[in-house]
file model.cif (mmCIF, C-alpha atoms)
data_my_file
loop_
_atom_site.label_atom_id
_atom_site.label_comp_id
_atom_site.auth_asym_id
_atom_site.auth_seq_id
_atom_site.Cartn_x
_atom_site.Cartn_y
_atom_site.Cartn_z
CA MET A 124 0.00 0.00 0.00
CA ASP A 125 1.53 3.35 -1.01
CA SER A 126 1.87 6.13 1.55
CA ASN A 127 -0.93 8.31 0.14
CA LEU A 128 -3.43 5.45 0.20
CA GLN A 129 -2.28 4.44 3.66
CA ASN A 130 -2.83 7.97 4.96
CA THR A 131 -6.29 8.08 3.38
CA VAL A 132 -7.26 4.82 5.05
CA ILE A 133 -5.94 6.00 8.44
CA VAL A 134 -7.97 9.22 8.26
CA PHE A 135 -11.04 7.26 7.23
CA LEU A 136 -10.65 4.85 10.13
CA ILE A 137 -10.30 7.67 12.63
CA ILE A 138 -13.45 9.38 11.36
CA PHE A 139 -15.48 6.21 11.44
CA ASP A 140 -14.18 5.16 14.85
CA VAL A 141 -15.46 8.45 16.22
CA LEU A 142 -18.81 8.08 14.48
CA TRP A 143 -19.08 4.47 15.56
CA PHE A 144 -18.30 5.31 19.18
CA TYR A 145 -20.92 8.06 19.14
CA SER A 146 -23.58 5.82 17.63
CA SER A 147 -22.76 2.87 19.90
CA THR A 148 -22.80 5.05 23.02
CA LEU A 149 -26.23 6.38 22.21
CA SER A 150 -27.42 2.89 21.41
CA CYS A 151 -26.15 1.57 24.75
CA GLU A 152 -27.80 4.43 26.64
CA GLN A 153 -31.11 3.35 25.15
CA SER A 154 -30.60 -0.38 25.63
CA ASN A 155 -33.29 -0.51 28.29
CA LYS A 156 -35.80 0.49 25.61
CA LEU A 157 -34.83 -2.31 23.23
CA ILE A 158 -37.58 -4.66 22.15
CA VAL A 159 -36.78 -7.69 19.99
CA SER A 160 -39.45 -9.84 18.38
CA THR A 161 -39.19 -12.69 15.89
CA LYS A 162 -42.71 -14.02 16.28
CA ASN A 163 -43.81 -13.19 12.77
CA LEU A 164 -42.54 -11.90 9.47
CA LYS A 165 -44.00 -8.44 9.95
CA ASN A 166 -42.15 -7.80 13.20
CA THR A 167 -38.60 -9.08 13.01
CA THR A 168 -36.59 -6.09 14.06
CA SER A 169 -35.53 -4.23 17.15
CA THR A 170 -37.39 -1.07 18.01
CA LEU A 171 -36.08 2.00 19.81
CA GLU A 172 -38.41 4.55 21.36
CA ASP A 173 -35.93 7.39 20.82
CA VAL A 174 -34.07 7.45 17.50
CA SER A 175 -33.52 11.18 17.24
CA TYR A 176 -29.76 10.75 16.88
CA ASN A 177 -30.14 9.40 13.32
CA HIS A 178 -29.28 11.73 10.43
CA SER A 179 -32.51 12.37 8.57
CA ASN A 180 -30.79 12.49 5.18
CA TRP A 181 -28.22 9.71 5.61
CA LEU A 182 -29.89 7.53 2.95
CA GLU A 183 -29.20 10.21 0.37
CA GLN A 184 -25.53 10.27 1.33
CA ILE A 185 -24.69 6.55 1.04
CA LYS A 186 -23.01 6.84 -2.35
CA GLN A 187 -20.55 9.35 -0.92
CA HIS A 188 -19.29 6.72 1.52
CA GLU A 189 -18.30 3.84 -0.74
CA LEU A 190 -14.80 2.74 0.22
CA ARG A 191 -12.85 -0.44 -0.26
CA ILE A 192 -10.54 -1.54 2.53
CA TYR A 193 -10.99 -5.33 2.62
CA SER A 194 -14.16 -5.67 0.56
CA GLN A 195 -14.29 -6.43 -3.16
CA ASN A 196 -15.83 -3.06 -3.98
CA GLY A 197 -17.08 -0.18 -1.82
CA GLU A 198 -18.98 -2.34 0.65
CA ASP A 199 -16.75 -1.49 3.62
CA GLY A 200 -17.67 2.17 3.54
CA VAL A 201 -21.34 1.57 2.80
CA LEU A 202 -21.78 -0.83 5.72
CA LEU A 203 -19.97 1.46 8.13
CA TRP A 204 -22.19 4.34 7.08
CA ILE A 205 -25.37 2.28 7.45
CA PHE A 206 -24.55 1.03 10.94
CA THR A 207 -23.29 4.42 12.04
CA ASN A 208 -26.83 5.61 11.41
CA ILE A 209 -29.00 2.68 12.53
CA GLY A 210 -26.76 1.30 15.28
CA THR A 211 -26.47 -2.36 16.26
CA ILE A 212 -28.48 -4.53 18.63
CA ASN A 213 -26.01 -7.23 19.67
CA LYS A 214 -23.09 -6.64 22.01
CA PRO A 215 -20.69 -7.19 20.39
CA PRO A 216 -22.40 -6.78 17.01
CA ARG A 217 -23.00 -10.05 15.17
CA PHE A 218 -22.74 -11.03 11.52
CA VAL A 219 -22.99 -14.04 9.22
CA GLU A 220 -21.21 -14.09 5.86
CA PHE A 221 -20.89 -16.95 3.43
CA GLY A 222 -19.01 -17.04 0.19
CA THR A 223 -15.93 -15.52 1.85
CA GLU A 224 -13.17 -17.73 0.39
CA LYS A 225 -10.30 -17.33 2.91
CA GLY A 226 -11.89 -14.36 4.63
CA LEU A 227 -9.28 -11.91 3.33
CA GLU A 228 -11.43 -10.04 0.81
CA CYS A 229 -14.97 -9.98 2.15
CA ASN A 230 -17.65 -7.67 3.50
CA THR A 231 -17.13 -8.35 7.21
CA ARG A 232 -13.36 -8.41 7.68
CA PHE A 233 -13.12 -4.72 8.60
CA LEU A 234 -16.01 -5.02 11.06
CA ARG A 235 -14.44 -8.09 12.65
CA GLN A 236 -10.80 -7.03 12.60
CA GLN A 237 -11.07 -3.30 13.36
CA LEU A 238 -14.34 -2.89 15.25
CA GLY A 239 -14.63 -6.09 17.24
CA TRP A 240 -17.68 -7.62 15.57
CA GLN A 241 -18.15 -11.35 16.02
CA GLY A 242 -19.71 -13.76 13.60
CA LEU A 243 -19.77 -16.80 11.42
CA MET A 244 -18.10 -17.20 8.04
CA MET A 245 -18.61 -20.16 5.72
CA ASP A 246 -17.12 -21.13 2.38
CA GLY A 247 -16.60 -24.33 0.43
CA THR A 248 -12.83 -23.89 0.14
CA GLY A 249 -11.39 -24.15 3.64
CA ASP A 250 -11.42 -23.67 7.42
CA ASN A 251 -9.78 -21.10 9.66
CA PRO A 252 -10.83 -21.53 13.32
CA GLU A 253 -9.01 -18.34 14.32
CA ILE A 254 -11.56 -16.22 12.47
CA ASN A 255 -14.50 -18.64 12.82
CA LEU A 256 -14.40 -19.60 9.13
CA HIS A 257 -15.83 -23.05 8.40
CA LYS A 258 -15.70 -25.19 5.30
CA GLU A 259 -19.28 -25.85 4.31
CA ASN A 260 -21.04 -26.51 1.01
CA ILE A 261 -24.03 -24.20 1.35
CA THR A 262 -27.29 -25.25 -0.28
CA ILE A 263 -30.90 -24.17 -0.26
CA LYS A 264 -31.77 -27.18 1.90
CA ASN A 265 -29.01 -27.02 4.50
CA ILE A 266 -28.52 -23.31 5.17
CA ASN A 267 -30.80 -23.06 8.21
CA ASP A 268 -29.31 -26.19 9.76
CA LEU A 269 -25.83 -24.76 9.25
CA LEU A 270 -26.81 -21.51 10.97
CA ALA A 271 -28.16 -23.54 13.88
CA LYS A 272 -25.07 -25.77 13.92
CA TYR A 273 -22.85 -22.76 14.61
CA GLN A 274 -25.23 -21.29 17.20
CA THR A 275 -26.28 -18.23 15.23
CA PRO A 276 -28.50 -15.84 17.23
CA SER A 277 -32.08 -15.51 15.98
CA LEU A 278 -31.48 -11.81 15.29
CA ILE A 279 -28.13 -10.64 13.92
CA ASP A 280 -26.98 -7.26 12.71
CA LEU A 281 -25.68 -8.23 9.27
CA LEU A 282 -26.08 -11.06 6.77
CA SER A 283 -23.85 -11.13 3.67
CA ILE A 284 -24.51 -13.63 0.85
CA ASP A 285 -22.20 -14.21 -2.12
CA ILE A 286 -22.28 -17.73 -3.54
CA ASP A 287 -22.27 -16.80 -7.23
CA PHE A 288 -25.36 -18.65 -8.43
CA ASP A 289 -28.44 -19.32 -6.29
CA ASP A 290 -28.05 -16.54 -3.73
CA TYR A 291 -31.73 -15.65 -4.18
CA PHE A 292 -33.02 -19.08 -3.20
CA VAL A 293 -30.64 -19.48 -0.26
CA TRP A 294 -31.86 -16.15 1.11
CA LYS A 295 -35.44 -17.20 0.41
CA SER A 296 -34.86 -20.41 2.38
CA ILE A 297 -33.71 -18.35 5.38
CA LEU A 298 -36.67 -16.02 5.08
CA GLN A 299 -39.23 -18.78 4.75
CA ALA A 300 -37.87 -20.76 7.69
CA ASN A 301 -38.34 -17.67 9.89
CA ARG A 302 -35.67 -18.89 12.34
CA PHE A 303 -32.92 -16.35 11.67
CA HIS A 304 -33.24 -12.66 10.90
CA ALA A 305 -30.79 -9.90 9.98
CA ARG A 306 -31.32 -6.17 10.26
CA VAL A 307 -29.15 -5.53 7.19
CA VAL A 308 -28.59 -7.87 4.24
CA VAL A 309 -25.95 -7.58 1.52
CA ILE A 310 -26.48 -9.93 -1.40
CA GLU A 311 -25.00 -10.42 -4.86
CA TYR A 312 -27.24 -9.98 -7.90
CA ASN A 313 -27.04 -10.12 -11.71
CA TYR A 314 -26.76 -6.61 -13.14
CA GLU A 315 -26.98 -7.99 -16.70
CA ILE A 316 -30.74 -8.46 -16.31
CA PRO A 317 -32.82 -5.39 -17.27
CA VAL A 318 -34.46 -3.46 -14.45
CA ASN A 319 -38.00 -4.43 -15.52
CA GLU A 320 -37.38 -8.20 -15.61
CA ASN A 321 -38.24 -10.29 -12.57
CA ARG A 322 -36.25 -13.48 -13.11
CA VAL A 323 -33.83 -15.83 -11.37
CA VAL A 324 -31.83 -18.88 -12.38
CA ASP A 325 -33.45 -22.28 -12.01
CA PRO A 326 -31.25 -23.97 -9.38
CA TYR A 327 -33.16 -27.24 -9.68
CA GLN A 328 -32.49 -27.83 -13.38
CA ASP A 329 -29.23 -29.72 -12.95
CA SER A 330 -26.04 -29.83 -10.87
CA ARG A 331 -24.29 -27.03 -12.75
CA ARG A 332 -23.71 -23.80 -10.88
CA TRP A 333 -22.05 -20.66 -12.19
CA THR A 334 -20.06 -21.38 -15.34
CA LYS A 335 -18.61 -17.84 -15.65
CA THR A 336 -21.35 -16.72 -18.03
CA ILE A 337 -24.26 -14.30 -17.60
CA HIS A 338 -26.45 -17.21 -16.44
CA TYR A 339 -26.33 -16.73 -12.68
CA GLY A 340 -28.16 -15.13 -9.81
CA ALA A 341 -31.25 -12.97 -9.87
CA SER A 342 -32.29 -9.61 -11.22
CA MET A 343 -32.49 -6.57 -9.01
CA LEU A 344 -36.28 -6.58 -9.36
CA ALA A 345 -36.48 -10.24 -8.29
CA MET A 346 -34.32 -9.59 -5.22
CA ALA A 347 -36.30 -6.47 -4.34
CA ALA A 348 -39.58 -8.35 -4.63
CA LEU A 349 -38.31 -11.14 -2.39
CA GLY A 350 -37.08 -8.70 0.20
CA ARG A 351 -40.30 -6.70 0.11
CA ALA A 352 -42.36 -9.83 0.76
CA TYR A 353 -40.40 -10.46 3.98
CA ASN A 354 -40.02 -7.00 5.52
CA TYR A 355 -36.89 -5.82 3.68
CA THR A 356 -36.41 -2.74 1.53
CA LEU A 357 -33.70 -2.31 -1.08
CA ILE A 358 -31.89 0.93 -0.24
CA TYR A 359 -28.69 0.91 -2.29
CA VAL A 360 -26.71 -0.64 -5.15
CA GLU A 361 -22.96 -0.14 -5.07
CA LYS A 362 -21.51 1.49 -8.16
CA ASN A 363 -19.78 -1.63 -9.50
CA ALA A 364 -23.18 -3.33 -9.64
CA VAL A 365 -22.24 -6.42 -7.66
CA ASN A 366 -24.17 -6.12 -4.39
CA LEU A 367 -27.57 -4.97 -3.19
CA PHE A 368 -28.10 -3.54 0.30
CA PHE A 369 -31.33 -4.21 2.19
CA ILE A 370 -32.60 -2.94 5.55
CA GLN A 371 -35.59 -4.26 7.46
CA THR A 372 -38.51 -2.12 6.38
CA SER A 373 -39.70 -1.66 9.94
CA ILE A 374 -36.41 0.05 10.82
CA LEU A 375 -36.97 2.58 8.05
CA ILE A 376 -40.56 3.12 9.18
CA GLU A 377 -39.49 3.64 12.80
CA ARG A 378 -37.10 6.37 11.69
CA ASN A 379 -39.64 7.89 9.30
CA ILE A 380 -37.31 7.60 6.31
CA LEU A 381 -38.98 4.90 4.23
CA HIS A 382 -40.29 7.58 1.86
CA LYS A 383 -36.69 8.68 1.20
CA VAL A 384 -35.65 5.36 -0.32
CA PRO A 385 -35.03 5.72 -4.09
CA SER A 386 -37.17 3.72 -6.51
CA ILE A 387 -35.82 0.61 -8.20
CA LYS A 388 -35.38 2.51 -11.45
CA GLU A 389 -33.41 5.19 -9.65
CA LEU A 390 -31.18 2.59 -8.00
CA TYR A 391 -30.58 0.58 -11.16
CA ILE A 392 -27.05 0.62 -12.58
CA SER A 393 -26.87 -0.25 -16.26
CA GLU A 394 -23.07 -0.15 -16.47
CA PRO A 395 -20.62 -0.86 -13.60
CA TYR A 396 -18.26 1.95 -12.64
CA THR A 397 -15.40 -0.43 -13.42
CA PRO A 398 -16.23 -2.08 -16.78
CA ARG A 399 -16.13 -5.85 -16.87
CA LYS A 400 -16.60 -8.32 -19.68
CA SER A 401 -19.42 -10.85 -19.44
CA ASN A 402 -19.51 -14.12 -21.34
CA PRO A 403 -22.80 -15.07 -23.02
CA GLU A 404 -24.51 -18.33 -22.08
CA LEU A 405 -24.26 -20.60 -25.12
CA ASP A 406 -26.31 -23.44 -23.67
CA LYS A 407 -29.85 -22.40 -24.56
CA THR A 408 -31.36 -25.17 -22.41
CA ARG A 409 -30.46 -23.39 -19.18
CA ARG A 410 -33.67 -21.98 -17.76
CA TRP A 411 -34.82 -18.91 -15.87
CA ILE A 412 -37.67 -18.75 -13.41
CA TRP A 413 -39.90 -15.73 -13.91
CA ASN A 414 -41.82 -13.95 -11.15
CA ASP A 415 -40.96 -16.37 -8.37
CA THR A 416 -41.92 -13.56 -5.99
CA ILE A 417 -44.34 -10.97 -7.35
CA TRP A 418 -43.51 -7.27 -6.91
CA ILE A 419 -46.51 -5.85 -5.03
#
call {"tool": "encode", "arguments": {"input": "model.cif", "output": "structure tokens"}}
result
Amino acid sequence: MDSNLQNTVIVFLIIFDVLWFYSSTLSCEQSNKLIVSTKNLKNTTSTLEDVSYNHSNWLEQIKQHELRIYSQNGEDGVLLWIFTNIGTINKPPRFVEFGTEKGLECNTRFLRQQLGWQGLMMDGTGDNPEINLHKENITIKNINDLLAKYQTPSLIDLLSIDIDFDDYFVWKSILQANRFHARVVVIEYNYEIPVNENRVVDPYQDSRRWTKTIHYGASMLAMAALGRAYNYTLIYVEKNAVNLFFIQTSILIERNILHKVPSIKELYISEPYTPRKSNPELDKTRRWIWNDTIWI
């Protein structure tokens, strides 16, 4: 890392440490007002009686805070900005991330390594007990059992999903089981799909997963529809068009900022900030599923 970049990162860390301390202190002072409920899909978030410390326009400022430290793109800065404004409910804050490879370039390393978050990481490539990374082949059928296996709390602060193919259906499995909930969700999507198309890959067609073509994942509209059906609102798309950021809708309602969330068309990114080449899918038998979750 050159000296200029190193200095930039140091300044950034100092600023966010201050902001984080301020937010966490206020959150702790109000801990006696914390109510947590996971009884139904409409009420899966913490509620705070006094949330006056939140910046009323912070949603509009997210794009100014993209920054890559350990993440693949600008996710580090976006997540820090989100939690600076909505706080956390676990002490220490808790996360789950799968699709992390060795845990070196991922969405939770900065939170874990610099801010003391604790959580579970899973990937199919290897274990590292020192950072609670476990080798697991994640599927639609086993994800909830894996979360239970590693004693995941019923309500965590952050869930990050990046498994390159059927992210949509793995998240859907978590949502439908109604056993584990996250206040914030980061999930990979397929930017190649037009904004008005609600479609996802068919993960049940055969054993093939991502073959490095445009046949993978789900459209932004499909992800947004799934989230909306289970109390999540899409609030941001990072500029390289890899990840979507969701917050529990009830959190936005509590803070009276739901009306400030941009529309799907406003969030849509047709071209990534950093251009990348996509390979067409030559096998025309590979199917899509349309309107698995209807946008209502």
call {"tool": "residues_near_point", "arguments": {"input": "model.cif", "point": "(-29.6, -12.4, 12.5)", "cutoff": "9 Å", "atoms": "only C-alpha atoms", "output": "number ranges by chain"}}
result
A: 217-219, 275-282, 302-307
call {"tool": "closest_residue", "arguments": {"input": "model.cif", "among": "A:Asn363, A:Asn321, A:Thr356, A:Ser194", "to": "Asp415 (chain A)", "atoms": "all atoms listed in the file"}}
result
A:Asn321
call {"tool": "atom_distance", "arguments": {"input": "model.cif", "atom1": "CA of Lys407 (chain A)", "atom2": "CA of Ile284 (chain A)"}}
result
27.4 Å
call {"tool": "axis_aligned_box", "arguments": {"input": "model.cif", "around": "region 312-324 of chain A", "padding_each_side": "6 Å", "output": "lines of an AutoDock Vina configuration file"}}
result
center_x = -32.5
center_y = -11.2
center_z = -12.6
size_x = 23.5
size_y = 27.4
size_z = 21.4
call {"tool": "closest_residue", "arguments": {"input": "model.cif", "among": "A:Thr211, A:Asn267, A:Asn319, A:Asn313", "to": "Ile297 (chain A)", "atoms": "only C-alpha atoms"}}
result
A:Asn267
call {"tool": "resolve_selection", "arguments": {"input": "model.cif", "expression": "the PyMOL selection byres ((chain A and resi 386-401) around 10)", "output": "VMD selection string"}}
result
chain A and resid 196 314 to 319 335 to 338 343 to 344 347 357 to 365 367 382 to 385 402 to 404
call {"tool": "resolve_selection", "arguments": {"input": "model.cif", "expression": "the PyMOL selection byres ((chain A and resi 259) around 10)", "output": "ChimeraX atom specification"}}
result
/A:221-222,244-250,256-258,260-262,265-266,269
call {"tool": "atom_distance", "arguments": {"input": "model.cif", "atom1": "CA of Lys225 (chain A)", "atom2": "CA of Glu253 (chain A)"}}
result
11.5 Å
call {"tool": "resolve_selection", "arguments": {"input": "model.cif", "expression": "the PyMOL selection byres ((chain A and resi 234) around 10)", "output": "PDB file with C-alpha atoms, keeping the file's coordinate frame"}}
result
ATOM      1  CA  TYR A 193     -10.990  -5.330   2.620  1.00  0.00           C
ATOM      2  CA  ASP A 199     -16.750  -1.490   3.620  1.00  0.00           C
ATOM      3  CA  LEU A 202     -21.780  -0.830   5.720  1.00  0.00           C
ATOM      4  CA  LEU A 203     -19.970   1.460   8.130  1.00  0.00           C
ATOM      5  CA  PRO A 216     -22.400  -6.780  17.010  1.00  0.00           C
ATOM      6  CA  ARG A 217     -23.000 -10.050  15.170  1.00  0.00           C
ATOM      7  CA  PHE A 218     -22.740 -11.030  11.520  1.00  0.00           C
ATOM      8  CA  ASN A 230     -17.650  -7.670   3.500  1.00  0.00           C
ATOM      9  CA  THR A 231     -17.130  -8.350   7.210  1.00  0.00           C
ATOM     10  CA  ARG A 232     -13.360  -8.410   7.680  1.00  0.00           C
ATOM     11  CA  PHE A 233     -13.120  -4.720   8.600  1.00  0.00           C
ATOM     12  CA  ARG A 235     -14.440  -8.090  12.650  1.00  0.00           C
ATOM     13  CA  GLN A 236     -10.800  -7.030  12.600  1.00  0.00           C
ATOM     14  CA  GLN A 237     -11.070  -3.300  13.360  1.00  0.00           C
ATOM     15  CA  LEU A 238     -14.340  -2.890  15.250  1.00  0.00           C
ATOM     16  CA  GLY A 239     -14.630  -6.090  17.240  1.00  0.00           C
ATOM     17  CA  TRP A 240     -17.680  -7.620  15.570  1.00  0.00           C
ATOM     18  CA  GLN A 241     -18.150 -11.350  16.020  1.00  0.00           C
ATOM     19  CA  GLY A 242     -19.710 -13.760  13.600  1.00  0.00           C
TER      20      GLY A 242
END
call {"tool": "closest_residue", "arguments": {"input": "model.cif", "among": "A:Leu190, A:Val324, A:Val308, A:Ile417", "to": "Ala348 (chain A)", "atoms": "all atoms listed in the file"}}
result
A:Ile417
call {"tool": "atom_distance", "arguments": {"input": "model.cif", "atom1": "CA of Ser342 (chain A)", "atom2": "CA of Arg409 (chain A)"}}
result
16.0 Å
call {"tool": "closest_residue", "arguments": {"input": "model.cif", "among": "A:Ile209, A:Ile263, A:Ile370, A:Leu243", "to": "Phe288 (chain A)", "atoms": "only C-alpha atoms"}}
result
A:Ile263
call {"tool": "residues_around", "arguments": {"input": "model.cif", "residues": "Trp333 (chain A)", "least_positions_apart": "6", "cutoff": "10 Å", "atoms": "only C-alpha atoms", "output": "list in words"}}
result
Ile286, Asp287, Phe288, Asp289, Val324, Tyr339 and Gly340 of chain A
